[in-house]
Amino acid sequence: MPHLYIAAAHRSSGKTTLSIGLTRALQRLGLSIQPFKKGPDYIDPLWLSRSTGRPCFNLDYHTMSCDEIRRSFAHHCSRVDIGFIEGNVGLFDSVDLRGTHSNAELAKLLGAPVILVVDVRGMTRGIAPLLLGYRAFDPDLQLAGVILNKVGGGRHEANLRNVVEHYTDIPVLGCVPRTSGVEIAERHLGLIPSNEALAVEATIDRIASVIVDTVDIERVAGLAQAVPFPDWDMPGDADAPPAPTGSPVRIGIAQDDAFGFYYPDDLLALEQAGAELVPFSPVWDQMLPDVDALFIGGGFPEYRMDELERNASMRAAIADFIIGGGPAYAECGGLMYLTERLHWDNKVARMCGVLDAEVAMHERPQGRGYVRLAETAAFPWPSLAPFAGEISAHEFHHSAIIKPHPDWTYGYEVQRGVGIDGRNDGVIQGNLLASYAHLRNVGGIDWTRRFVAHIHAVAAGEAAG
């Protein structure tokens, strides 16, 4: 299976925007592209999903074992022409001295050739020692080519090409000019999510047209196709998820321009566990669909706080469902939406009022990065298999609960991270679990089957809530 890895010398090099354009440009060659994103990201995968027409899957060392990463990559690449992995931060960046879990290590794990994106503003001859250093730093890495981004003009491009060709043997695959308009508006988590951005397809096509004009896209495709797929001894049917038990359940899932942070493999896992996912919009729909449970994921409710407040019938319907004992799960933005009020930018808006607290947005992140959690004895979802140790998850929120209620019951003790108050996360109220942590259905956590089992238990009158 042909595949390639897009990385950068450092963050904010334009790598994601170029990846969006590259994947659409490769599609224009008649190739099917399966996108992947390194790390616990939601926003870049939303864009890559739109540019390719396929769900973008995350590959994350923190929550997945190496075997899980290989298995996910091989499975999702099995019916496409090219597997396309977009890295995060810099190629060699890592939290430890040895570069554990860096982009370079993931590229080597997957046997992927790396195309390096370099922001060359203010750079000419200095590009040579940078590239030579990157190649020499890890000779086992397949550094297959470079795309020079934010080039100043024709003379700047000519100088850069001459330097790279004279001092290195690394192919220059393209030079994207700084004035090309290849950019997407950003906010505190990175790019504006594609579920919010206006004229998404026009934006992607505009970026792709620039890429076609400035990057040798056929040579990029050739680099991917020249690399044999790694000869992995992949597990067989023994690792398939167990068949669902009990009758199907209908889970209402909040999906609109306020809520859209969901991992596609988790949604698949919910369906495999026996759930039918029923999308609804807290912004635009007036009433809930006929469902057995709710899943309100992350997003940016603060940017739709006025519309969310005006939709009083939906807020009331959600409150009635949860307060009446309906099972529900909320993450981050969903947690915010379930509080009494949301404070942001000198404005206050009413939310659902399920949780007796208010939430405020802050300029700086209140919780950011990987977290580790331990379930408390009060955790509401049934255990389906022995699971020892901590839960690996992540959080990224600029909001914080104003004076968490002293009588709240929590489902998690925070071993690493912030959660709701630095010590606890996962508010339990009736059959609701609402947390700042974002779970993934990997690493033995199996949260999707447990949530479905909880829904069945509530229906049978067996749940503690």
# chains A, B, ... in the order shown; residues from 1 in each chain; ligands from 1

$ select_by_dssp --residues "segment 4-241 of chain A" --states "alpha helix (DSSP H)" --output "NGL selection string"
:A and (15-28 or 43-52 or 66-77 or 103-109 or 127-137 or 154-167 or 200-214 or 217-225)

$ residues_around --residues "Arg310 of chain A" --least-positions-apart "4" --cutoff "10 Å" --atoms "only C-alpha atoms" --output "list of chain:residue names"
A:Val283, A:Trp284, A:Met305, A:Asp306, A:Met314, A:Arg315, A:Ala349, A:Arg350, A:Met351

$ closest_residue --among "A:Gly133, A:Gly53, A:Gly87, A:Gly252" --to "Gly39 of chain A" --atoms "only C-alpha atoms"
A:Gly87

$ closest_atom_pairs --of "segment 233-319 of chain A" --to "segment 380-402 of chain A" --cutoff "12 Å" --atoms "only C-alpha atoms" --output "Markdown table"
| residue | atom | partner | partner_atom | distance |
| --- | --- | --- | --- | --- |
| A:Pro242 | CA | A:Leu384 | CA | 11.2 |
| A:Thr245 | CA | A:Leu384 | CA | 12.0 |
| A:Phe261 | CA | A:Phe396 | CA | 11.7 |
| A:Gly298 | CA | A:His397 | CA | 9.6 |
| A:Gly299 | CA | A:His397 | CA | 9.9 |
| A:Phe300 | CA | A:His397 | CA | 9.8 |
| A:Pro301 | CA | A:Ser399 | CA | 10.7 |
| A:Glu302 | CA | A:Ser399 | CA | 9.4 |

$ residues_around --residues "Val418 of chain A" --least-positions-apart "6" --cutoff "8 Å" --atoms "only C-alpha atoms" --output "PyMOL selection string"
chain A and resi 366-368+371+424

$ write_last_selection --atoms "C-alpha atoms" --output "short mmCIF file (atom, residue, chain, number, x, y, z; two decimals), in the first residue's frame"
data_model
loop_
_atom_site.label_atom_id
_atom_site.label_comp_id
_atom_site.auth_asym_id
_atom_site.auth_seq_id
_atom_site.Cartn_x
_atom_site.Cartn_y
_atom_site.Cartn_z
CA GLN A 366 -7.20 26.05 31.72
CA GLY A 367 -6.36 22.46 30.89
CA ARG A 368 -4.11 21.35 28.06
CA VAL A 371 -4.32 13.34 31.07
CA ASN A 424 -11.55 15.42 39.86
#

$ residues_around --residues "segment 169-174 of chain A" --least-positions-apart "2" --cutoff "6 Å" --atoms "only C-alpha atoms" --output "JSON, numbers by chain"
{"A": [145, 146, 147, 214, 215, 216]}

$ write_last_selection --atoms "N, CA and C atoms" --output "PDB file, in the first residue's frame"
ATOM      1  N   GLY A 145      11.723  14.214   0.431  1.00  0.00           N
ATOM      2  CA  GLY A 145      11.604  15.455  -0.323  1.00  0.00           C
ATOM      3  C   GLY A 145      11.222  16.594   0.592  1.00  0.00           C
ATOM      4  N   VAL A 146      11.261  17.806   0.029  1.00  0.00           N
ATOM      5  CA  VAL A 146      10.933  18.995   0.808  1.00  0.00           C
ATOM      6  C   VAL A 146      10.004  19.880  -0.005  1.00  0.00           C
ATOM      7  N   ILE A 147       9.041  20.491   0.687  1.00  0.00           N
ATOM      8  CA  ILE A 147       8.207  21.539   0.100  1.00  0.00           C
ATOM      9  C   ILE A 147       8.554  22.829   0.817  1.00  0.00           C
ATOM     10  N   THR A 214       2.051  24.826  -7.882  1.00  0.00           N
ATOM     11  CA  THR A 214       3.352  25.097  -7.258  1.00  0.00           C
ATOM     12  C   THR A 214       4.078  23.858  -6.760  1.00  0.00           C
ATOM     13  N   VAL A 215       3.408  22.709  -6.731  1.00  0.00           N
ATOM     14  CA  VAL A 215       4.003  21.468  -6.240  1.00  0.00           C
ATOM     15  C   VAL A 215       3.916  20.411  -7.340  1.00  0.00           C
ATOM     16  N   ASP A 216       4.967  19.624  -7.481  1.00  0.00           N
ATOM     17  CA  ASP A 216       4.974  18.516  -8.449  1.00  0.00           C
ATOM     18  C   ASP A 216       4.155  17.366  -7.855  1.00  0.00           C
TER      19      ASP A 216
END

$ closest_residue --among "A:Phe229, A:Glu309, A:Arg423, A:Asp265" --to "Asp446 of chain A" --atoms "only C-alpha atoms"
A:Asp265

$ closest_residue --among "A:Tyr370, A:Trp408, A:Trp47, A:Tyr436" --to "Ile296 of chain A" --atoms "only C-alpha atoms"
A:Tyr436

$ atom_distance --atom1 "atom CA of Ala104 of chain A" --atom2 "atom CA of Asp205 of chain A"
29.7 Å

$ closest_residue --among "A:Pro279, A:Gly21, A:Gly297, A:Gly14" --to "Val210 of chain A" --atoms "only C-alpha atoms"
A:Gly21

$ residues_around --residues "Lys403 of chain A" --least-positions-apart "4" --cutoff "12 Å" --atoms "only C-alpha atoms" --output "ChimeraX atom specification"
/A:339,355-360,407-408,420-421

$ residues_around --residues "Gly153 of chain A" --least-positions-apart "6" --cutoff "10 Å" --atoms "only C-alpha atoms" --output "list in words"
Cys175, Val176, Pro177, Arg178 and Thr179 of chain A

$ residues_around --residues "segment 115-123 of chain A" --least-positions-apart "4" --cutoff "9 Å" --atoms "only C-alpha atoms" --output "ChimeraX atom specification"
/A:4-10,12-15,18,91,127,142-152,156,160,173,178,220

$ select_by_dssp --residues "segment 197-391 of chain A" --states "strand (DSSP E)" --output "PDB file with N, CA and C atoms, in the first residue's frame"
ATOM      1  N   VAL A 249     -29.736   0.310  20.363  1.00  0.00           N
ATOM      2  CA  VAL A 249     -30.116   1.537  21.058  1.00  0.00           C
ATOM      3  C   VAL A 249     -29.867   2.718  20.131  1.00  0.00           C
ATOM      4  N   ARG A 250     -30.664   3.752  20.297  1.00  0.00           N
ATOM      5  CA  ARG A 250     -30.534   4.965  19.494  1.00  0.00           C
ATOM      6  C   ARG A 250     -29.887   6.049  20.360  1.00  0.00           C
ATOM      7  N   ILE A 251     -28.723   6.517  19.901  1.00  0.00           N
ATOM      8  CA  ILE A 251     -27.988   7.560  20.613  1.00  0.00           C
ATOM      9  C   ILE A 251     -28.058   8.844  19.809  1.00  0.00           C
ATOM     10  N   GLY A 252     -28.646   9.889  20.394  1.00  0.00           N
ATOM     11  CA  GLY A 252     -28.638  11.192  19.753  1.00  0.00           C
ATOM     12  C   GLY A 252     -27.278  11.832  19.906  1.00  0.00           C
ATOM     13  N   ILE A 253     -26.661  12.211  18.790  1.00  0.00           N
ATOM     14  CA  ILE A 253     -25.312  12.773  18.818  1.00  0.00           C
ATOM     15  C   ILE A 253     -25.359  14.203  18.300  1.00  0.00           C
ATOM     16  N   ALA A 254     -24.872  15.138  19.117  1.00  0.00           N
ATOM     17  CA  ALA A 254     -24.898  16.561  18.770  1.00  0.00           C
ATOM     18  C   ALA A 254     -23.851  16.837  17.700  1.00  0.00           C
ATOM     19  N   PHE A 259     -20.858  21.824  17.901  1.00  0.00           N
ATOM     20  CA  PHE A 259     -20.359  20.554  18.435  1.00  0.00           C
ATOM     21  C   PHE A 259     -19.967  19.647  17.273  1.00  0.00           C
ATOM     22  N   GLY A 260     -18.721  19.211  17.274  1.00  0.00           N
ATOM     23  CA  GLY A 260     -18.275  18.359  16.176  1.00  0.00           C
ATOM     24  C   GLY A 260     -17.010  17.584  16.453  1.00  0.00           C
ATOM     25  N   PHE A 261     -16.559  17.561  17.727  1.00  0.00           N
ATOM     26  CA  PHE A 261     -15.307  16.889  18.047  1.00  0.00           C
ATOM     27  C   PHE A 261     -15.585  15.445  18.438  1.00  0.00           C
ATOM     28  N   ALA A 275     -25.238   0.451  18.580  1.00  0.00           N
ATOM     29  CA  ALA A 275     -25.887   1.762  18.654  1.00  0.00           C
ATOM     30  C   ALA A 275     -26.191   2.284  17.256  1.00  0.00           C
ATOM     31  N   GLU A 276     -27.345   2.895  17.125  1.00  0.00           N
ATOM     32  CA  GLU A 276     -27.661   3.691  15.948  1.00  0.00           C
ATOM     33  C   GLU A 276     -27.457   5.149  16.328  1.00  0.00           C
ATOM     34  N   LEU A 277     -26.579   5.838  15.591  1.00  0.00           N
ATOM     35  CA  LEU A 277     -26.272   7.230  15.890  1.00  0.00           C
ATOM     36  C   LEU A 277     -27.242   8.133  15.138  1.00  0.00           C
ATOM     37  N   VAL A 278     -27.918   8.997  15.890  1.00  0.00           N
ATOM     38  CA  VAL A 278     -28.948   9.870  15.324  1.00  0.00           C
ATOM     39  C   VAL A 278     -28.499  11.316  15.499  1.00  0.00           C
ATOM     40  N   PRO A 279     -27.981  11.957  14.442  1.00  0.00           N
ATOM     41  CA  PRO A 279     -27.488  13.330  14.589  1.00  0.00           C
ATOM     42  C   PRO A 279     -28.618  14.308  14.902  1.00  0.00           C
ATOM     43  N   PHE A 280     -28.302  15.299  15.724  1.00  0.00           N
ATOM     44  CA  PHE A 280     -29.210  16.410  15.959  1.00  0.00           C
ATOM     45  C   PHE A 280     -28.389  17.662  16.212  1.00  0.00           C
ATOM     46  N   ALA A 293     -30.510   7.682  24.378  1.00  0.00           N
ATOM     47  CA  ALA A 293     -29.389   8.287  25.100  1.00  0.00           C
ATOM     48  C   ALA A 293     -28.870   9.468  24.306  1.00  0.00           C
ATOM     49  N   LEU A 294     -28.001  10.262  24.937  1.00  0.00           N
ATOM     50  CA  LEU A 294     -27.396  11.425  24.302  1.00  0.00           C
ATOM     51  C   LEU A 294     -25.880  11.363  24.401  1.00  0.00           C
ATOM     52  N   PHE A 295     -25.207  11.828  23.359  1.00  0.00           N
ATOM     53  CA  PHE A 295     -23.766  11.996  23.342  1.00  0.00           C
ATOM     54  C   PHE A 295     -23.504  13.406  22.817  1.00  0.00           C
ATOM     55  N   ILE A 296     -23.019  14.282  23.708  1.00  0.00           N
ATOM     56  CA  ILE A 296     -22.734  15.673  23.343  1.00  0.00           C
ATOM     57  C   ILE A 296     -21.235  15.874  23.460  1.00  0.00           C
ATOM     58  N   GLY A 298     -17.303  17.509  22.112  1.00  0.00           N
ATOM     59  CA  GLY A 298     -16.649  18.802  22.219  1.00  0.00           C
ATOM     60  C   GLY A 298     -16.938  19.701  21.039  1.00  0.00           C
ATOM     61  N   GLY A 299     -16.437  20.903  21.132  1.00  0.00           N
ATOM     62  CA  GLY A 299     -16.622  21.892  20.080  1.00  0.00           C
ATOM     63  C   GLY A 299     -16.354  23.278  20.623  1.00  0.00           C
ATOM     64  N   ALA A 328     -26.738   9.900  29.431  1.00  0.00           N
ATOM     65  CA  ALA A 328     -26.078  10.894  28.597  1.00  0.00           C
ATOM     66  C   ALA A 328     -24.594  10.920  28.911  1.00  0.00           C
ATOM     67  N   TYR A 329     -23.823  11.249  27.886  1.00  0.00           N
ATOM     68  CA  TYR A 329     -22.376  11.414  28.032  1.00  0.00           C
ATOM     69  C   TYR A 329     -21.989  12.705  27.343  1.00  0.00           C
ATOM     70  N   ALA A 330     -21.225  13.555  28.041  1.00  0.00           N
ATOM     71  CA  ALA A 330     -20.811  14.848  27.498  1.00  0.00           C
ATOM     72  C   ALA A 330     -19.325  15.048  27.736  1.00  0.00           C
ATOM     73  N   GLU A 331     -18.647  15.605  26.719  1.00  0.00           N
ATOM     74  CA  GLU A 331     -17.223  15.898  26.811  1.00  0.00           C
ATOM     75  C   GLU A 331     -16.978  17.374  26.526  1.00  0.00           C
ATOM     76  N   ARG A 341     -25.014  28.689  32.961  1.00  0.00           N
ATOM     77  CA  ARG A 341     -24.707  29.843  32.112  1.00  0.00           C
ATOM     78  C   ARG A 341     -23.267  29.758  31.625  1.00  0.00           C
ATOM     79  N   LEU A 342     -23.056  30.366  30.449  1.00  0.00           N
ATOM     80  CA  LEU A 342     -21.730  30.457  29.846  1.00  0.00           C
ATOM     81  C   LEU A 342     -21.322  31.925  29.768  1.00  0.00           C
ATOM     82  N   HIS A 343     -20.137  32.235  30.334  1.00  0.00           N
ATOM     83  CA  HIS A 343     -19.595  33.594  30.338  1.00  0.00           C
ATOM     84  C   HIS A 343     -18.446  33.676  29.335  1.00  0.00           C
ATOM     85  N   TRP A 344     -18.521  34.649  28.431  1.00  0.00           N
ATOM     86  CA  TRP A 344     -17.420  34.828  27.473  1.00  0.00           C
ATOM     87  C   TRP A 344     -17.523  36.203  26.812  1.00  0.00           C
ATOM     88  N   LYS A 347     -20.080  38.713  27.813  1.00  0.00           N
ATOM     89  CA  LYS A 347     -21.461  38.316  27.593  1.00  0.00           C
ATOM     90  C   LYS A 347     -21.773  37.096  28.443  1.00  0.00           C
ATOM     91  N   VAL A 348     -23.051  36.899  28.743  1.00  0.00           N
ATOM     92  CA  VAL A 348     -23.508  35.730  29.485  1.00  0.00           C
ATOM     93  C   VAL A 348     -24.704  35.155  28.745  1.00  0.00           C
ATOM     94  N   ALA A 349     -24.736  33.834  28.571  1.00  0.00           N
ATOM     95  CA  ALA A 349     -25.848  33.172  27.888  1.00  0.00           C
ATOM     96  C   ALA A 349     -26.310  31.983  28.710  1.00  0.00           C
ATOM     97  N   ARG A 350     -27.607  31.793  28.715  1.00  0.00           N
ATOM     98  CA  ARG A 350     -28.178  30.624  29.396  1.00  0.00           C
ATOM     99  C   ARG A 350     -27.883  29.361  28.601  1.00  0.00           C
ATOM    100  N   GLU A 358     -21.841  27.435  36.715  1.00  0.00           N
ATOM    101  CA  GLU A 358     -21.637  28.250  35.534  1.00  0.00           C
ATOM    102  C   GLU A 358     -20.220  28.017  35.031  1.00  0.00           C
ATOM    103  N   VAL A 359     -19.989  28.388  33.790  1.00  0.00           N
ATOM    104  CA  VAL A 359     -18.690  28.143  33.188  1.00  0.00           C
ATOM    105  C   VAL A 359     -18.232  29.422  32.493  1.00  0.00           C
ATOM    106  N   ALA A 360     -16.932  29.700  32.564  1.00  0.00           N
ATOM    107  CA  ALA A 360     -16.383  30.931  31.987  1.00  0.00           C
ATOM    108  C   ALA A 360     -15.206  30.598  31.081  1.00  0.00           C
ATOM    109  N   MET A 361     -15.125  31.316  29.962  1.00  0.00           N
ATOM    110  CA  MET A 361     -13.991  31.213  29.062  1.00  0.00           C
ATOM    111  C   MET A 361     -12.858  32.107  29.552  1.00  0.00           C
ATOM    112  N   GLY A 367      -6.795  23.854  30.878  1.00  0.00           N
ATOM    113  CA  GLY A 367      -6.357  22.460  30.890  1.00  0.00           C
ATOM    114  C   GLY A 367      -5.891  22.110  29.499  1.00  0.00           C
ATOM    115  N   ARG A 368      -4.685  21.536  29.389  1.00  0.00           N
ATOM    116  CA  ARG A 368      -4.110  21.347  28.056  1.00  0.00           C
ATOM    117  C   ARG A 368      -3.191  20.144  28.041  1.00  0.00           C
ATOM    118  N   GLY A 369      -3.448  19.191  27.147  1.00  0.00           N
ATOM    119  CA  GLY A 369      -2.525  18.083  26.949  1.00  0.00           C
ATOM    120  C   GLY A 369      -3.088  16.755  27.397  1.00  0.00           C
ATOM    121  N   TYR A 370      -2.192  15.803  27.515  1.00  0.00           N
ATOM    122  CA  TYR A 370      -2.576  14.452  27.900  1.00  0.00           C
ATOM    123  C   TYR A 370      -2.943  14.391  29.385  1.00  0.00           C
ATOM    124  N   VAL A 371      -3.911  13.552  29.682  1.00  0.00           N
ATOM    125  CA  VAL A 371      -4.325  13.341  31.069  1.00  0.00           C
ATOM    126  C   VAL A 371      -4.317  11.851  31.367  1.00  0.00           C
ATOM    127  N   ARG A 372      -4.225  11.555  32.661  1.00  0.00           N
ATOM    128  CA  ARG A 372      -4.390  10.175  33.130  1.00  0.00           C
ATOM    129  C   ARG A 372      -5.417  10.206  34.254  1.00  0.00           C
ATOM    130  N   LEU A 373      -6.349   9.282  34.163  1.00  0.00           N
ATOM    131  CA  LEU A 373      -7.482   9.248  35.079  1.00  0.00           C
ATOM    132  C   LEU A 373      -7.600   7.880  35.722  1.00  0.00           C
ATOM    133  N   ALA A 374      -8.103   7.877  36.930  1.00  0.00           N
ATOM    134  CA  ALA A 374      -8.452   6.629  37.620  1.00  0.00           C
ATOM    135  C   ALA A 374      -9.939   6.681  37.941  1.00  0.00           C
ATOM    136  N   GLU A 375     -10.655   5.626  37.599  1.00  0.00           N
ATOM    137  CA  GLU A 375     -12.084   5.602  37.879  1.00  0.00           C
ATOM    138  C   GLU A 375     -12.337   5.489  39.382  1.00  0.00           C
ATOM    139  N   ILE A 391      -6.489   5.440  32.968  1.00  0.00           N
ATOM    140  CA  ILE A 391      -7.065   5.723  31.658  1.00  0.00           C
ATOM    141  C   ILE A 391      -6.274   6.851  31.025  1.00  0.00           C
TER     142      ILE A 391
END

$ atom_distance --atom1 "atom CA of Gln415 of chain A" --atom2 "atom CA of Ala453 of chain A"
26.2 Å

$ closest_residue --among "A:Ile455, A:Leu131, A:Met1, A:Leu288" --to "Phe84 of chain A" --atoms "only C-alpha atoms"
A:Met1

$ closest_residue --among "A:Pro248, A:Gly126, A:Gly419, A:Pro45" --to "Ser19 of chain A" --atoms "only C-alpha atoms"
A:Pro45
